$ cat query-v8.txt   # compact mmCIF, C-alpha atoms
# COMPACT_ATOMS: atom_id res chain seq x y z
CA MET A 1 71.44 7.19 -32.31
CA SER A 2 70.75 10.12 -29.98
CA GLY A 3 72.72 10.91 -26.85
CA ASP A 4 69.72 9.90 -24.72
CA GLU A 5 69.49 6.52 -26.46
CA THR A 6 73.21 5.95 -25.89
CA ALA A 7 72.81 6.89 -22.22
CA LEU A 8 69.86 4.48 -21.93
CA LEU A 9 71.98 1.65 -23.32
CA PHE A 10 74.70 2.44 -20.76
CA ALA A 11 72.13 2.45 -17.94
CA ASN A 12 70.78 -0.87 -19.20
CA GLU A 13 74.29 -2.31 -19.28
CA ALA A 14 74.86 -1.10 -15.71
CA PHE A 15 71.71 -2.99 -14.67
CA TYR A 16 72.98 -6.25 -16.15
CA ASN A 17 76.46 -5.67 -14.73
CA ALA A 18 74.96 -5.30 -11.23
CA PHE A 19 73.07 -8.55 -11.85
CA ALA A 20 76.19 -10.36 -13.07
CA GLU A 21 78.32 -9.10 -10.17
CA ARG A 22 75.55 -9.84 -7.63
CA ASP A 23 76.04 -6.26 -6.45
CA MET A 24 72.99 -5.23 -4.44
CA VAL A 25 74.38 -1.76 -3.70
CA ALA A 26 74.76 -1.05 -7.42
CA MET A 27 71.36 -2.62 -8.14
CA ALA A 28 69.63 -0.40 -5.58
CA ALA A 29 71.36 2.70 -6.97
CA LEU A 30 69.98 1.97 -10.44
CA TRP A 31 66.29 2.00 -9.44
CA ALA A 32 64.24 5.20 -9.43
CA LYS A 33 63.55 6.88 -6.12
CA SER A 34 61.11 9.64 -7.10
CA GLN A 35 58.96 7.61 -9.52
CA PRO A 36 56.88 4.46 -9.00
CA VAL A 37 58.71 1.22 -9.84
CA GLY A 38 57.62 -2.28 -10.74
CA CYS A 39 59.06 -5.58 -11.84
CA ILE A 40 57.91 -8.92 -13.21
CA HIS A 41 60.50 -11.68 -12.94
CA PRO A 42 59.79 -14.78 -15.05
CA GLY A 43 57.30 -16.93 -13.17
CA TRP A 44 56.69 -14.35 -10.43
CA PRO A 45 53.64 -12.22 -9.82
CA PRO A 46 53.99 -8.48 -10.50
CA LEU A 47 55.85 -6.51 -7.85
CA PHE A 48 55.16 -2.83 -7.25
CA GLY A 49 56.97 -0.34 -5.06
CA ARG A 50 60.66 0.29 -4.62
CA GLN A 51 61.00 -1.81 -1.45
CA ALA A 52 59.21 -4.85 -2.90
CA VAL A 53 61.32 -4.68 -6.06
CA LEU A 54 64.59 -4.26 -4.17
CA ASP A 55 63.66 -7.09 -1.79
CA SER A 56 63.16 -9.35 -4.82
CA TRP A 57 66.57 -8.43 -6.20
CA GLU A 58 68.18 -9.01 -2.79
CA ARG A 59 66.68 -12.49 -2.77
CA ILE A 60 67.87 -13.23 -6.30
CA LEU A 61 71.36 -11.74 -6.01
CA SER A 62 72.07 -13.45 -2.69
CA ASN A 63 71.12 -16.86 -4.06
CA PRO A 64 74.30 -18.75 -4.98
CA ALA A 65 72.30 -21.00 -7.32
CA ALA A 66 71.10 -18.08 -9.47
CA PRO A 67 72.26 -18.70 -13.04
CA GLU A 68 74.50 -16.44 -15.08
CA MET A 69 72.99 -14.37 -17.86
CA GLU A 70 74.12 -13.01 -21.22
CA THR A 71 72.36 -10.21 -23.08
CA ALA A 72 72.06 -9.42 -26.76
CA GLY A 73 70.20 -7.18 -29.16
CA ALA A 74 69.63 -4.16 -26.92
CA GLU A 75 67.54 -1.44 -28.60
CA ALA A 76 66.72 1.91 -27.00
CA MET A 77 63.82 4.29 -27.59
CA CYS A 78 63.30 7.60 -25.86
CA TRP A 79 60.31 9.90 -25.33
CA GLY A 80 61.42 12.93 -23.33
CA ASP A 81 62.11 11.78 -19.78
CA VAL A 82 61.04 8.18 -20.38
CA GLY A 83 63.06 5.57 -22.21
CA ILE A 84 62.71 1.89 -22.96
CA VAL A 85 65.39 -0.66 -23.69
CA THR A 86 64.40 -4.05 -25.04
CA CYS A 87 66.92 -6.87 -25.17
CA TYR A 88 67.30 -10.60 -25.10
CA GLU A 89 68.54 -12.42 -22.03
CA LYS A 90 70.13 -15.85 -22.36
CA VAL A 91 69.94 -17.93 -19.21
CA ASP A 92 71.54 -21.34 -19.59
CA ASP A 93 70.15 -22.42 -22.99
CA THR A 94 66.90 -20.48 -22.70
CA TYR A 95 66.19 -17.08 -24.23
CA LEU A 96 64.02 -14.46 -22.57
CA VAL A 97 63.04 -11.07 -23.90
CA ALA A 98 63.18 -8.15 -21.49
CA THR A 99 61.75 -4.66 -21.40
CA ASN A 100 63.49 -2.18 -19.13
CA THR A 101 61.78 1.17 -18.67
CA PHE A 102 63.86 4.08 -17.45
CA VAL A 103 62.90 7.53 -16.19
CA ARG A 104 65.11 10.56 -15.96
CA GLU A 105 65.86 11.66 -12.40
CA GLY A 106 67.93 14.81 -12.63
CA LYS A 107 70.46 14.06 -15.35
CA THR A 108 70.52 10.30 -14.74
CA TRP A 109 68.43 7.50 -16.23
CA LYS A 110 66.97 5.29 -13.48
CA LEU A 111 65.19 1.99 -13.86
CA ALA A 112 61.46 2.18 -13.19
CA TYR A 113 60.23 -1.12 -14.57
CA HIS A 114 61.74 -4.46 -15.60
CA GLN A 115 59.88 -7.36 -17.14
CA ALA A 116 61.35 -10.51 -18.66
CA GLY A 117 59.65 -13.55 -20.10
CA PRO A 118 60.27 -16.46 -22.42
CA VAL A 119 60.57 -16.03 -26.15
CA SER A 120 60.44 -18.82 -28.72
CA THR A 121 63.33 -17.63 -30.89
CA PRO A 122 66.76 -16.24 -30.09
CA PRO A 123 67.83 -12.78 -31.21
CA PRO A 124 68.77 -12.50 -34.89
CA GLY A 125 72.49 -13.21 -35.06
CA GLY A 126 72.49 -13.72 -31.28
CA ALA A 127 75.08 -15.60 -29.31
CA SER A 128 74.60 -19.31 -28.93
CA ASN A 129 76.25 -22.00 -26.87
CA ASP A 130 75.12 -24.60 -29.39
CA GLU A 131 78.13 -26.26 -30.99
CA ASP A 132 76.40 -26.52 -34.37
CA GLY A 133 75.49 -22.83 -34.31
CA ASP A 134 71.75 -23.49 -34.60
CA ASP A 135 69.94 -21.08 -32.30
CA GLU A 136 66.38 -22.21 -33.02
CA LEU A 137 64.45 -24.14 -30.39
CA GLU A 138 64.21 -27.52 -32.08
CA ASP A 139 62.35 -30.07 -29.98
CA ASP A 140 60.12 -30.78 -27.03
CA ASP A 141 63.12 -30.76 -24.63
CA ASP A 142 63.77 -27.12 -25.53
CA GLU A 143 60.09 -26.29 -25.06
CA ALA A 144 60.21 -27.94 -21.63
CA GLU A 145 63.26 -25.84 -20.72
CA LEU A 146 61.38 -22.75 -21.85
CA ALA A 147 58.37 -23.68 -19.70
CA GLU A 148 60.68 -24.29 -16.73
CA ALA A 149 62.25 -20.86 -17.23
CA GLU A 150 58.81 -19.27 -17.31
CA VAL A 151 57.75 -20.66 -13.95
CA GLY A 152 61.17 -20.38 -12.27
CA LEU A 153 63.13 -23.07 -10.52
CA GLU A 154 61.76 -24.97 -7.55
CA ASP A 155 62.81 -24.36 -3.94
CA ASP A 156 65.19 -26.84 -2.32
CA ASP A 157 63.05 -27.21 0.79
CA ASP A 158 60.81 -30.20 1.39
CA ASP A 159 57.49 -28.44 1.83
CA ASP A 160 54.88 -28.70 -0.91
CA ASP A 161 54.29 -24.96 -1.26
CA ASP A 162 50.65 -25.68 -0.32
CA ASP A 163 51.07 -23.69 2.86
CA GLY A 164 49.30 -20.63 1.44
CA ASP A 165 52.59 -18.75 1.13
CA ASP A 166 52.67 -17.10 -2.30
CA THR A 167 56.31 -16.08 -2.03
CA PRO A 168 58.05 -16.62 -5.39
CA PRO A 169 60.59 -19.42 -5.71
CA SER A 170 63.99 -18.54 -4.26
CA ARG A 171 65.81 -19.87 -7.30
CA SER A 172 63.89 -18.11 -10.00
CA ILE A 173 65.81 -17.07 -13.09
CA HIS A 174 65.73 -13.46 -11.93

$ encode --input "query-v8.txt" --output "structure tokens"
Amino acid sequence: MSGDETALLFANEAFYNAFAERDMVAMAALWAKSQPVGCIHPGWPPLFGRQAVLDSWERILSNPAAPEMETAGAEAMCWGDVGIVTCYEKVDDTYLVATNTFVREGKTWKLAYHQAGPVSTPPPGGASNDEDGDDELEDDDDEAELAEAEVGLEDDDDDDDDDGDDTPPSRSIH
């Protein structure tokens, strides 16, 4: 593994640490400032622009109901000043696959794009909370959980969301 690939994996780990710690200052520091940025959270429409992306993370990180996440299987690839890390995210009992694209700003890798979405199988040899050790999605209940993860969790408020407001759910996975 090259030094750049190792550095990408560290930058990726810093991203997930900021998420786990609900640290908005660290999260903001990880995102590129001189390059365009974008993000697609599971169940959300695409977001473009640093402010829109950071606003989405502020909403997620400040939500006390946001679930915890584990990661596994991170793989880095590098092409000059652009690098990609793919990994699995485990949220509750649902697996997502994520692509995190980084750009070099000075000597530092900064996040330029994050996208996560559901995946039907866990990472090979990945962590599992299943007591029997079986990581495969086995039945319709698991498929329903996967579908729920894809669209995000519902808001707690009583309105029907038919008010024309296309703001993503406040309790989305991320």

$ atom_distance --input "query-v8.txt" --atom1 "CA of Gln35 (chain A)" --atom2 "CA of Asp4 (chain A)"
18.8 Å

$ closest_residue --input "query-v8.txt" --among "A:Gln115, A:Thr108, A:Thr121, A:Thr99" --to "Ala29 (chain A)" --atoms "all atoms listed in the file"
A:Thr108

$ atom_distance --input "query-v8.txt" --atom1 "CA of Trp79 (chain A)" --atom2 "CA of Val37 (chain A)"
17.8 Å

$ closest_residue --input "query-v8.txt" --among "A:Tyr16, A:Pro118, A:Thr86, A:Lys110" --to "Arg50 (chain A)" --atoms "only C-alpha atoms"
A:Lys110

$ atom_distance --input "query-v8.txt" --atom1 "CA of Glu70 (chain A)" --atom2 "CA of Asp92 (chain A)"
8.9 Å

$ closest_residue --input "query-v8.txt" --among "A:Leu9, A:Met1, A:Thr101, A:Val91" --to "Glu68 (chain A)" --atoms "all atoms listed in the file"
A:Val91

$ residues_around --input "query-v8.txt" --residues "Glu21 (chain A)" --least-positions-apart "4" --cutoff "12 Å" --atoms "all atoms listed in the file" --output "PyMOL selection string"
chain A and resi 14-17+25-27+60-62+64+66-69

$ decode --input "query-v8.txt" --residues "region 63-75 of chain A" --atoms "all heavy atoms" --output "mmCIF file, in the first residue's frame"
data_model
loop_
_atom_site.group_PDB
_atom_site.id
_atom_site.type_symbol
_atom_site.label_atom_id
_atom_site.label_comp_id
_atom_site.auth_asym_id
_atom_site.auth_seq_id
_atom_site.Cartn_x
_atom_site.Cartn_y
_atom_site.Cartn_z
ATOM 1 N N ASN A 63 -28.562 15.647 16.172
ATOM 2 C CA ASN A 63 -29.748 14.854 16.463
ATOM 3 C C ASN A 63 -29.402 13.752 17.465
ATOM 4 O O ASN A 63 -28.664 12.822 17.134
ATOM 5 C CB ASN A 63 -30.279 14.242 15.169
ATOM 6 C CG ASN A 63 -31.550 13.455 15.389
ATOM 7 O OD1 ASN A 63 -32.008 13.259 16.507
ATOM 8 N ND2 ASN A 63 -32.129 12.987 14.299
ATOM 9 N N PRO A 64 -29.932 13.824 18.674
ATOM 10 C CA PRO A 64 -29.608 12.801 19.676
ATOM 11 C C PRO A 64 -30.099 11.406 19.307
ATOM 12 O O PRO A 64 -29.605 10.423 19.843
ATOM 13 C CB PRO A 64 -30.288 13.302 20.956
ATOM 14 C CG PRO A 64 -31.284 14.313 20.514
ATOM 15 C CD PRO A 64 -30.847 14.841 19.179
ATOM 16 N N ALA A 65 -31.041 11.307 18.382
ATOM 17 C CA ALA A 65 -31.564 10.000 17.982
ATOM 18 C C ALA A 65 -30.751 9.370 16.859
ATOM 19 O O ALA A 65 -31.044 8.244 16.446
ATOM 20 C CB ALA A 65 -33.025 10.134 17.555
ATOM 21 N N ALA A 66 -29.743 10.056 16.348
ATOM 22 C CA ALA A 66 -28.933 9.491 15.267
ATOM 23 C C ALA A 66 -28.236 8.228 15.772
ATOM 24 O O ALA A 66 -27.652 8.218 16.852
ATOM 25 C CB ALA A 66 -27.907 10.508 14.778
ATOM 26 N N PRO A 67 -28.300 7.156 14.997
ATOM 27 C CA PRO A 67 -27.723 5.892 15.454
ATOM 28 C C PRO A 67 -26.196 5.894 15.397
ATOM 29 O O PRO A 67 -25.587 6.720 14.720
ATOM 30 C CB PRO A 67 -28.278 4.868 14.451
ATOM 31 C CG PRO A 67 -28.531 5.663 13.225
ATOM 32 C CD PRO A 67 -28.920 7.044 13.678
ATOM 33 N N GLU A 68 -25.614 4.952 16.121
ATOM 34 C CA GLU A 68 -24.165 4.761 16.054
ATOM 35 C C GLU A 68 -23.836 3.953 14.811
ATOM 36 O O GLU A 68 -24.687 3.273 14.255
ATOM 37 C CB GLU A 68 -23.681 4.032 17.314
ATOM 38 C CG GLU A 68 -23.842 4.875 18.556
ATOM 39 C CD GLU A 68 -23.248 4.219 19.781
ATOM 40 O OE1 GLU A 68 -22.391 3.318 19.633
ATOM 41 O OE2 GLU A 68 -23.650 4.604 20.874
ATOM 42 N N MET A 69 -22.572 4.054 14.382
ATOM 43 C CA MET A 69 -22.161 3.374 13.173
ATOM 44 C C MET A 69 -20.825 2.693 13.379
ATOM 45 O O MET A 69 -19.961 3.208 14.080
ATOM 46 C CB MET A 69 -22.031 4.402 12.042
ATOM 47 C CG MET A 69 -21.617 3.791 10.726
ATOM 48 S SD MET A 69 -21.305 5.008 9.448
ATOM 49 C CE MET A 69 -22.716 6.053 9.549
ATOM 50 N N GLU A 70 -20.671 1.519 12.773
ATOM 51 C CA GLU A 70 -19.392 0.821 12.703
ATOM 52 C C GLU A 70 -18.971 0.790 11.246
ATOM 53 O O GLU A 70 -19.822 0.812 10.359
ATOM 54 C CB GLU A 70 -19.537 -0.619 13.197
ATOM 55 C CG GLU A 70 -20.001 -0.767 14.622
ATOM 56 C CD GLU A 70 -20.288 -2.237 14.945
ATOM 57 O OE1 GLU A 70 -19.565 -3.129 14.440
ATOM 58 O OE2 GLU A 70 -21.242 -2.484 15.686
ATOM 59 N N THR A 71 -17.674 0.727 10.998
ATOM 60 C CA THR A 71 -17.203 0.597 9.617
ATOM 61 C C THR A 71 -16.339 -0.646 9.484
ATOM 62 O O THR A 71 -15.778 -1.142 10.465
ATOM 63 C CB THR A 71 -16.385 1.827 9.177
ATOM 64 O OG1 THR A 71 -15.255 1.962 10.019
ATOM 65 C CG2 THR A 71 -17.231 3.076 9.210
ATOM 66 N N ALA A 72 -16.251 -1.134 8.259
ATOM 67 C CA ALA A 72 -15.432 -2.312 7.976
ATOM 68 C C ALA A 72 -15.020 -2.290 6.511
ATOM 69 O O ALA A 72 -15.669 -1.656 5.683
ATOM 70 C CB ALA A 72 -16.211 -3.591 8.276
ATOM 71 N N GLY A 73 -13.960 -2.997 6.209
ATOM 72 C CA GLY A 73 -13.567 -3.248 4.832
ATOM 73 C C GLY A 73 -13.119 -2.047 4.035
ATOM 74 O O GLY A 73 -13.324 -2.015 2.828
ATOM 75 N N ALA A 74 -12.505 -1.061 4.666
ATOM 76 C CA ALA A 74 -12.069 0.134 3.939
ATOM 77 C C ALA A 74 -10.965 -0.216 2.940
ATOM 78 O O ALA A 74 -10.012 -0.916 3.275
ATOM 79 C CB ALA A 74 -11.586 1.203 4.909
ATOM 80 N N GLU A 75 -11.129 0.260 1.718
ATOM 81 C CA GLU A 75 -10.151 0.074 0.637
ATOM 82 C C GLU A 75 -9.897 1.432 0.006
ATOM 83 O O GLU A 75 -10.839 2.165 -0.300
ATOM 84 C CB GLU A 75 -10.689 -0.880 -0.429
ATOM 85 C CG GLU A 75 -10.946 -2.283 0.053
ATOM 86 C CD GLU A 75 -9.681 -3.109 0.176
ATOM 87 O OE1 GLU A 75 -8.669 -2.773 -0.476
ATOM 88 O OE2 GLU A 75 -9.712 -4.108 0.917
#
